[in-house]
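Worksheet for the structure shown next.
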Amino acid sequence: MVAPKKYMSKPVPKFYYEQIKIPGSMETAVDNFWNNTLLHYFTQDKFYGTEQEQRPLEGILKKRADFQIRYIKNGTATKVVLMEDNKRGHETQTSLWTEAVDQLTSYLKLVRAEQTQYDDILYGAVTIGTYVRFYNFVPDEQQLRDYPSTFTGKAYELRDDENEVHKILNEYVAKTAH
């Protein structure tokens, strides 16, 4: 199967990327970017569904990850990738990255507890502004691991590091399709 073109070659993700860059943009801008980018990788033809957390008002306490990607097989929807987003302007704050990773870890632990029949690795990502870090959550472990990539542990800039982000998203698809 042919891998999708890189996301910045498409006008819609490119538009939403530029929206993130606007000073004072909110987390919604990051959500909109991923909402329009993930669908190019996790497609219905490959049996994926993407769900975005519904927040009617900014600032409402979050109960789950911003995005959940489910793989559908034999009528069963299994969560395989979770994504946590935050608004721009805090990309260099270690405390915010730590908080977001802790939040993603908590969500993945809940998913692991809910999906007792699924004992494969779960995948996740944290995005702050235009920077994203990728993780995996190995069964029987309590902490996320940095996803092994060309620059393991790096916060990738969505435009400047598009090649690597594109590669990782394609790897997530390949590793979660059963």
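FYI, nothing fancy with the structure tokens labels: chains A, B, ... in order, residues from 1 per chain, ligands from 1 as they appear.
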Item to check | Sel. of alpha helix (DSSP H) residues, stretch 16-174 of chain A, as a PyMOL selection string | outcome: chain A and resi 16-21+27-37+94-114+162-174
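Residues in contact with A:Asn36 at 10 Å, where only C-alpha atoms are counted and same-chain residues fewer than 2 positions away are skipped, are listed as Tyr7, Lys10, Val12, Pro13, Lys14, Phe15, Tyr16, Asp31, Asn32, Phe33, Trp34, Leu38, Leu39 and His40 of chain A.
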Output for the residues just chosen: C-alpha atoms as a PDB file, in the first residue's frame:
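Full text of out11.pdb as output:
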```
ATOM      1  CA  TYR A   7       1.005  16.378   5.469  1.00  0.00           C
ATOM      2  CA  LYS A  10      -1.762  19.369   1.681  1.00  0.00           C
ATOM      3  CA  VAL A  12      -5.661  21.961   4.994  1.00  0.00           C
ATOM      4  CA  PRO A  13      -3.002  20.750   7.463  1.00  0.00           C
ATOM      5  CA  LYS A  14      -0.742  23.570   6.242  1.00  0.00           C
ATOM      6  CA  PHE A  15      -3.505  26.110   6.980  1.00  0.00           C
ATOM      7  CA  TYR A  16      -4.018  24.762  10.511  1.00  0.00           C
ATOM      8  CA  ASP A  31      -6.429  20.061  17.846  1.00  0.00           C
ATOM      9  CA  ASN A  32      -7.590  21.288  14.437  1.00  0.00           C
ATOM     10  CA  PHE A  33      -4.179  20.555  12.937  1.00  0.00           C
ATOM     11  CA  TRP A  34      -4.226  16.941  14.168  1.00  0.00           C
ATOM     12  CA  LEU A  38      -4.357  12.125  11.366  1.00  0.00           C
ATOM     13  CA  LEU A  39      -7.070  11.215   8.860  1.00  0.00           C
ATOM     14  CA  HIS A  40      -4.443  11.048   6.100  1.00  0.00           C
TER      15      HIS A  40
END
```
Next on the checklist: For A:Ala155, find every residue with an atom within 7 Å (counting only C-alpha atoms), except residues of its own chain fewer than 2 positions away, and show them as an NGL selection string.
Outcome noted: :A and (131-133 or 153 or 157)
Item to check | 12 Å contact set for A:Phe42, only C-alpha atoms, chain neighbours under 6 positions out, as a list in words | outcome: Ala3, Pro4, Trp34, Asn35, Asn36, Tyr48, Gly49, Thr50, Glu51, Phe67, Gln68, Ile69, Arg70, Tyr71, Ile72, Val80, Val81, Leu169, Asn170, Glu171, Tyr172, Val173, Ala174, Lys175, Thr176 and Ala177 of chain A
Could you write out the selected residues, including N, CA, C and O atoms, as an mmCIF file, in the first residue's frame?
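Below is the file that was written, out_14.cif:
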```
data_model
loop_
_atom_site.group_PDB
_atom_site.id
_atom_site.type_symbol
_atom_site.label_atom_id
_atom_site.label_comp_id
_atom_site.auth_asym_id
_atom_site.auth_seq_id
_atom_site.Cartn_x
_atom_site.Cartn_y
_atom_site.Cartn_z
ATOM 1 N N ALA A 3 2.210 4.831 0.902
ATOM 2 C CA ALA A 3 2.123 5.719 2.059
ATOM 3 C C ALA A 3 1.575 7.073 1.613
ATOM 4 O O ALA A 3 1.801 7.503 0.484
ATOM 5 N N PRO A 4 0.849 7.761 2.504
ATOM 6 C CA PRO A 4 0.296 9.066 2.130
ATOM 7 C C PRO A 4 1.412 10.083 1.911
ATOM 8 O O PRO A 4 2.518 9.941 2.423
ATOM 9 N N TRP A 34 -4.241 18.413 14.109
ATOM 10 C CA TRP A 34 -4.226 16.941 14.168
ATOM 11 C C TRP A 34 -5.515 16.338 13.623
ATOM 12 O O TRP A 34 -5.491 15.287 12.992
ATOM 13 N N ASN A 35 -6.632 16.982 13.866
ATOM 14 C CA ASN A 35 -7.907 16.483 13.355
ATOM 15 C C ASN A 35 -7.879 16.356 11.837
ATOM 16 O O ASN A 35 -8.486 15.449 11.264
ATOM 17 N N ASN A 36 -7.167 17.243 11.179
ATOM 18 C CA ASN A 36 -7.095 17.229 9.725
ATOM 19 C C ASN A 36 -5.856 16.534 9.184
ATOM 20 O O ASN A 36 -5.732 16.362 7.973
ATOM 21 N N TYR A 48 -9.374 2.305 10.545
ATOM 22 C CA TYR A 48 -9.145 3.186 11.688
ATOM 23 C C TYR A 48 -10.293 4.171 11.836
ATOM 24 O O TYR A 48 -10.886 4.618 10.853
ATOM 25 N N GLY A 49 -10.561 4.527 13.075
ATOM 26 C CA GLY A 49 -11.474 5.601 13.403
ATOM 27 C C GLY A 49 -10.746 6.569 14.318
ATOM 28 O O GLY A 49 -9.979 6.145 15.180
ATOM 29 N N THR A 50 -10.961 7.852 14.143
ATOM 30 C CA THR A 50 -10.321 8.875 14.965
ATOM 31 C C THR A 50 -11.396 9.626 15.731
ATOM 32 O O THR A 50 -12.382 10.073 15.148
ATOM 33 N N GLU A 51 -11.208 9.752 17.034
ATOM 34 C CA GLU A 51 -12.173 10.429 17.892
ATOM 35 C C GLU A 51 -11.493 11.604 18.562
ATOM 36 O O GLU A 51 -10.399 11.468 19.105
ATOM 37 N N PHE A 67 -7.046 13.114 21.326
ATOM 38 C CA PHE A 67 -7.403 12.242 20.207
ATOM 39 C C PHE A 67 -7.174 10.797 20.610
ATOM 40 O O PHE A 67 -6.195 10.468 21.270
ATOM 41 N N GLN A 68 -8.105 9.947 20.185
ATOM 42 C CA GLN A 68 -7.968 8.504 20.348
ATOM 43 C C GLN A 68 -8.119 7.882 18.978
ATOM 44 O O GLN A 68 -9.062 8.201 18.260
ATOM 45 N N ILE A 69 -7.191 7.040 18.621
ATOM 46 C CA ILE A 69 -7.277 6.353 17.341
ATOM 47 C C ILE A 69 -7.572 4.897 17.643
ATOM 48 O O ILE A 69 -6.877 4.257 18.438
ATOM 49 N N ARG A 70 -8.629 4.404 17.028
ATOM 50 C CA ARG A 70 -9.057 3.022 17.250
ATOM 51 C C ARG A 70 -8.863 2.223 15.977
ATOM 52 O O ARG A 70 -9.139 2.702 14.887
ATOM 53 N N TYR A 71 -8.439 0.986 16.167
ATOM 54 C CA TYR A 71 -8.355 0.040 15.069
ATOM 55 C C TYR A 71 -9.570 -0.869 15.199
ATOM 56 O O TYR A 71 -9.818 -1.432 16.265
ATOM 57 N N ILE A 72 -10.347 -0.996 14.122
ATOM 58 C CA ILE A 72 -11.587 -1.768 14.151
ATOM 59 C C ILE A 72 -11.352 -3.112 13.464
ATOM 60 O O ILE A 72 -10.934 -3.156 12.309
ATOM 61 N N VAL A 80 -5.525 2.329 20.038
ATOM 62 C CA VAL A 80 -4.132 1.974 19.785
ATOM 63 C C VAL A 80 -3.185 3.171 19.873
ATOM 64 O O VAL A 80 -2.001 3.004 20.109
ATOM 65 N N VAL A 81 -3.701 4.377 19.673
ATOM 66 C CA VAL A 81 -2.881 5.593 19.750
ATOM 67 C C VAL A 81 -3.691 6.663 20.464
ATOM 68 O O VAL A 81 -4.860 6.871 20.154
ATOM 69 N N LEU A 169 4.508 8.602 11.992
ATOM 70 C CA LEU A 169 3.071 8.352 11.836
ATOM 71 C C LEU A 169 2.829 7.116 10.968
ATOM 72 O O LEU A 169 1.955 6.295 11.281
ATOM 73 N N ASN A 170 3.602 6.961 9.913
ATOM 74 C CA ASN A 170 3.480 5.758 9.083
ATOM 75 C C ASN A 170 3.869 4.504 9.862
ATOM 76 O O ASN A 170 3.245 3.446 9.708
ATOM 77 N N GLU A 171 4.853 4.603 10.715
ATOM 78 C CA GLU A 171 5.245 3.468 11.562
ATOM 79 C C GLU A 171 4.148 3.133 12.558
ATOM 80 O O GLU A 171 3.862 1.949 12.803
ATOM 81 N N TYR A 172 3.509 4.127 13.136
ATOM 82 C CA TYR A 172 2.394 3.881 14.050
ATOM 83 C C TYR A 172 1.286 3.091 13.331
ATOM 84 O O TYR A 172 0.727 2.156 13.887
ATOM 85 N N VAL A 173 0.982 3.481 12.097
ATOM 86 C CA VAL A 173 -0.039 2.779 11.336
ATOM 87 C C VAL A 173 0.387 1.316 11.108
ATOM 88 O O VAL A 173 -0.386 0.385 11.368
ATOM 89 N N ALA A 174 1.610 1.129 10.669
ATOM 90 C CA ALA A 174 2.100 -0.225 10.385
ATOM 91 C C ALA A 174 2.105 -1.100 11.649
ATOM 92 O O ALA A 174 1.783 -2.288 11.583
ATOM 93 N N LYS A 175 2.450 -0.527 12.785
ATOM 94 C CA LYS A 175 2.580 -1.316 14.021
ATOM 95 C C LYS A 175 1.245 -1.588 14.701
ATOM 96 O O LYS A 175 1.161 -2.485 15.535
ATOM 97 N N THR A 176 0.216 -0.803 14.389
ATOM 98 C CA THR A 176 -1.070 -0.999 15.069
ATOM 99 C C THR A 176 -2.098 -1.724 14.211
ATOM 100 O O THR A 176 -3.140 -2.127 14.735
ATOM 101 N N ALA A 177 -1.826 -1.901 12.934
ATOM 102 C CA ALA A 177 -2.760 -2.640 12.063
ATOM 103 C C ALA A 177 -2.584 -4.134 12.351
ATOM 104 O O ALA A 177 -1.492 -4.660 12.256
#
```
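The spacing separating atom CA of A:Glu164 from atom CA of A:Tyr17 amounts to 16.5 Å.
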Item to check | Backbone-only DSSP, strand (DSSP E) members of stretch 65-159 of chain A, as a ChimeraX atom specification | outcome: /A:67-73,76-86,122-128,131-137,145-146,156-157
Put those residues in a file: N, CA, C and O atoms, as a compact mmCIF listing (two decimals), in the first residue's frame.
```
# COMPACT_ATOMS: atom_id res chain seq x y z
N PHE A 67 -7.05 13.11 21.33
CA PHE A 67 -7.40 12.24 20.21
C PHE A 67 -7.17 10.80 20.61
O PHE A 67 -6.19 10.47 21.27
N GLN A 68 -8.10 9.95 20.18
CA GLN A 68 -7.97 8.50 20.35
C GLN A 68 -8.12 7.88 18.98
O GLN A 68 -9.06 8.20 18.26
N ILE A 69 -7.19 7.04 18.62
CA ILE A 69 -7.28 6.35 17.34
C ILE A 69 -7.57 4.90 17.64
O ILE A 69 -6.88 4.26 18.44
N ARG A 70 -8.63 4.40 17.03
CA ARG A 70 -9.06 3.02 17.25
C ARG A 70 -8.86 2.22 15.98
O ARG A 70 -9.14 2.70 14.89
N TYR A 71 -8.44 0.99 16.17
CA TYR A 71 -8.35 0.04 15.07
C TYR A 71 -9.57 -0.87 15.20
O TYR A 71 -9.82 -1.43 16.27
N ILE A 72 -10.35 -1.00 14.12
CA ILE A 72 -11.59 -1.77 14.15
C ILE A 72 -11.35 -3.11 13.46
O ILE A 72 -10.93 -3.16 12.31
N LYS A 73 -11.62 -4.20 14.19
CA LYS A 73 -11.48 -5.53 13.61
C LYS A 73 -12.56 -6.42 14.20
O LYS A 73 -12.73 -6.47 15.42
N THR A 76 -14.84 -5.02 16.82
CA THR A 76 -14.25 -4.55 18.07
C THR A 76 -13.36 -3.34 17.79
O THR A 76 -12.49 -3.40 16.92
N ALA A 77 -13.57 -2.27 18.53
CA ALA A 77 -12.78 -1.05 18.38
C ALA A 77 -11.74 -0.99 19.49
O ALA A 77 -12.08 -0.85 20.66
N THR A 78 -10.48 -1.12 19.12
CA THR A 78 -9.39 -1.13 20.09
C THR A 78 -8.61 0.18 19.99
O THR A 78 -8.17 0.57 18.92
N LYS A 79 -8.47 0.87 21.13
CA LYS A 79 -7.67 2.10 21.15
C LYS A 79 -6.20 1.71 21.00
O LYS A 79 -5.70 0.89 21.76
N VAL A 80 -5.53 2.33 20.04
CA VAL A 80 -4.13 1.97 19.79
C VAL A 80 -3.18 3.17 19.87
O VAL A 80 -2.00 3.00 20.11
N VAL A 81 -3.70 4.38 19.67
CA VAL A 81 -2.88 5.59 19.75
C VAL A 81 -3.69 6.66 20.46
O VAL A 81 -4.86 6.87 20.15
N LEU A 82 -3.07 7.35 21.42
CA LEU A 82 -3.68 8.49 22.09
C LEU A 82 -2.76 9.69 21.92
O LEU A 82 -1.54 9.55 21.92
N MET A 83 -3.37 10.87 21.78
CA MET A 83 -2.59 12.09 21.60
C MET A 83 -3.07 13.16 22.57
O MET A 83 -4.27 13.33 22.76
N GLU A 84 -2.13 13.87 23.14
CA GLU A 84 -2.40 14.94 24.10
C GLU A 84 -1.84 16.24 23.52
O GLU A 84 -0.69 16.28 23.10
N ASP A 85 -2.65 17.30 23.49
CA ASP A 85 -2.25 18.57 22.89
C ASP A 85 -2.29 19.71 23.91
O ASP A 85 -3.09 19.68 24.85
N ASN A 86 -1.44 20.71 23.67
CA ASN A 86 -1.46 21.95 24.44
C ASN A 86 -1.17 23.11 23.51
O ASN A 86 -0.54 22.94 22.47
N LEU A 122 0.95 0.15 23.20
CA LEU A 122 0.12 1.31 22.86
C LEU A 122 1.05 2.46 22.50
O LEU A 122 2.18 2.53 22.99
N TYR A 123 0.57 3.37 21.68
CA TYR A 123 1.40 4.48 21.21
C TYR A 123 0.75 5.80 21.58
O TYR A 123 -0.47 5.88 21.72
N GLY A 124 1.57 6.82 21.74
CA GLY A 124 1.04 8.13 22.09
C GLY A 124 1.95 9.24 21.62
O GLY A 124 3.09 9.00 21.20
N ALA A 125 1.43 10.45 21.71
CA ALA A 125 2.20 11.64 21.35
C ALA A 125 1.70 12.81 22.18
O ALA A 125 0.54 12.87 22.55
N VAL A 126 2.62 13.71 22.47
CA VAL A 126 2.29 14.96 23.15
C VAL A 126 2.71 16.08 22.22
O VAL A 126 3.84 16.09 21.71
N THR A 127 1.80 17.01 21.98
CA THR A 127 2.09 18.17 21.15
C THR A 127 1.89 19.43 21.97
O THR A 127 0.84 19.61 22.60
N ILE A 128 2.89 20.29 21.96
CA ILE A 128 2.78 21.61 22.57
C ILE A 128 3.10 22.60 21.46
O ILE A 128 4.22 22.62 20.94
N TYR A 131 5.34 21.64 18.34
CA TYR A 131 6.33 20.61 18.67
C TYR A 131 5.64 19.35 19.18
O TYR A 131 4.70 19.44 19.98
N VAL A 132 6.11 18.20 18.73
CA VAL A 132 5.51 16.93 19.11
C VAL A 132 6.60 15.95 19.52
O VAL A 132 7.68 15.92 18.95
N ARG A 133 6.28 15.18 20.56
CA ARG A 133 7.16 14.08 21.00
C ARG A 133 6.33 12.80 20.95
O ARG A 133 5.15 12.79 21.28
N PHE A 134 6.99 11.70 20.58
CA PHE A 134 6.31 10.43 20.40
C PHE A 134 6.75 9.43 21.46
O PHE A 134 7.92 9.41 21.86
N TYR A 135 5.80 8.57 21.85
CA TYR A 135 6.03 7.62 22.94
C TYR A 135 5.41 6.26 22.62
O TYR A 135 4.54 6.15 21.75
N ASN A 136 5.85 5.25 23.37
CA ASN A 136 5.13 3.99 23.38
C ASN A 136 4.96 3.54 24.83
O ASN A 136 5.68 3.99 25.72
N PHE A 137 3.93 2.71 25.03
CA PHE A 137 3.58 2.24 26.37
C PHE A 137 3.55 0.71 26.31
O PHE A 137 2.63 0.12 25.75
N ARG A 145 7.77 5.21 27.31
CA ARG A 145 9.12 5.22 26.75
C ARG A 145 9.12 6.16 25.56
O ARG A 145 8.14 6.22 24.82
N ASP A 146 10.24 6.85 25.37
CA ASP A 146 10.38 7.62 24.14
C ASP A 146 10.31 6.64 22.98
O ASP A 146 10.92 5.57 23.02
N TYR A 156 9.90 17.17 17.99
CA TYR A 156 9.96 17.47 16.56
C TYR A 156 9.07 18.65 16.23
O TYR A 156 7.91 18.70 16.65
N GLU A 157 9.59 19.59 15.45
CA GLU A 157 8.79 20.72 14.98
C GLU A 157 8.00 20.23 13.77
O GLU A 157 8.55 19.59 12.88
```
Next on the checklist: Restricting the calculation to only C-alpha atoms: of A:Glu27, A:Glu162, A:Asp140, A:Asp120, which residue gets closest to A:Lys6?
Outcome noted: A:Glu162
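Restricting the calculation to only C-alpha atoms, the smallest distance between A:Asn163 and any of A:Ile121, A:Ala29, A:Met8, A:Ile20 is found for A:Met8.
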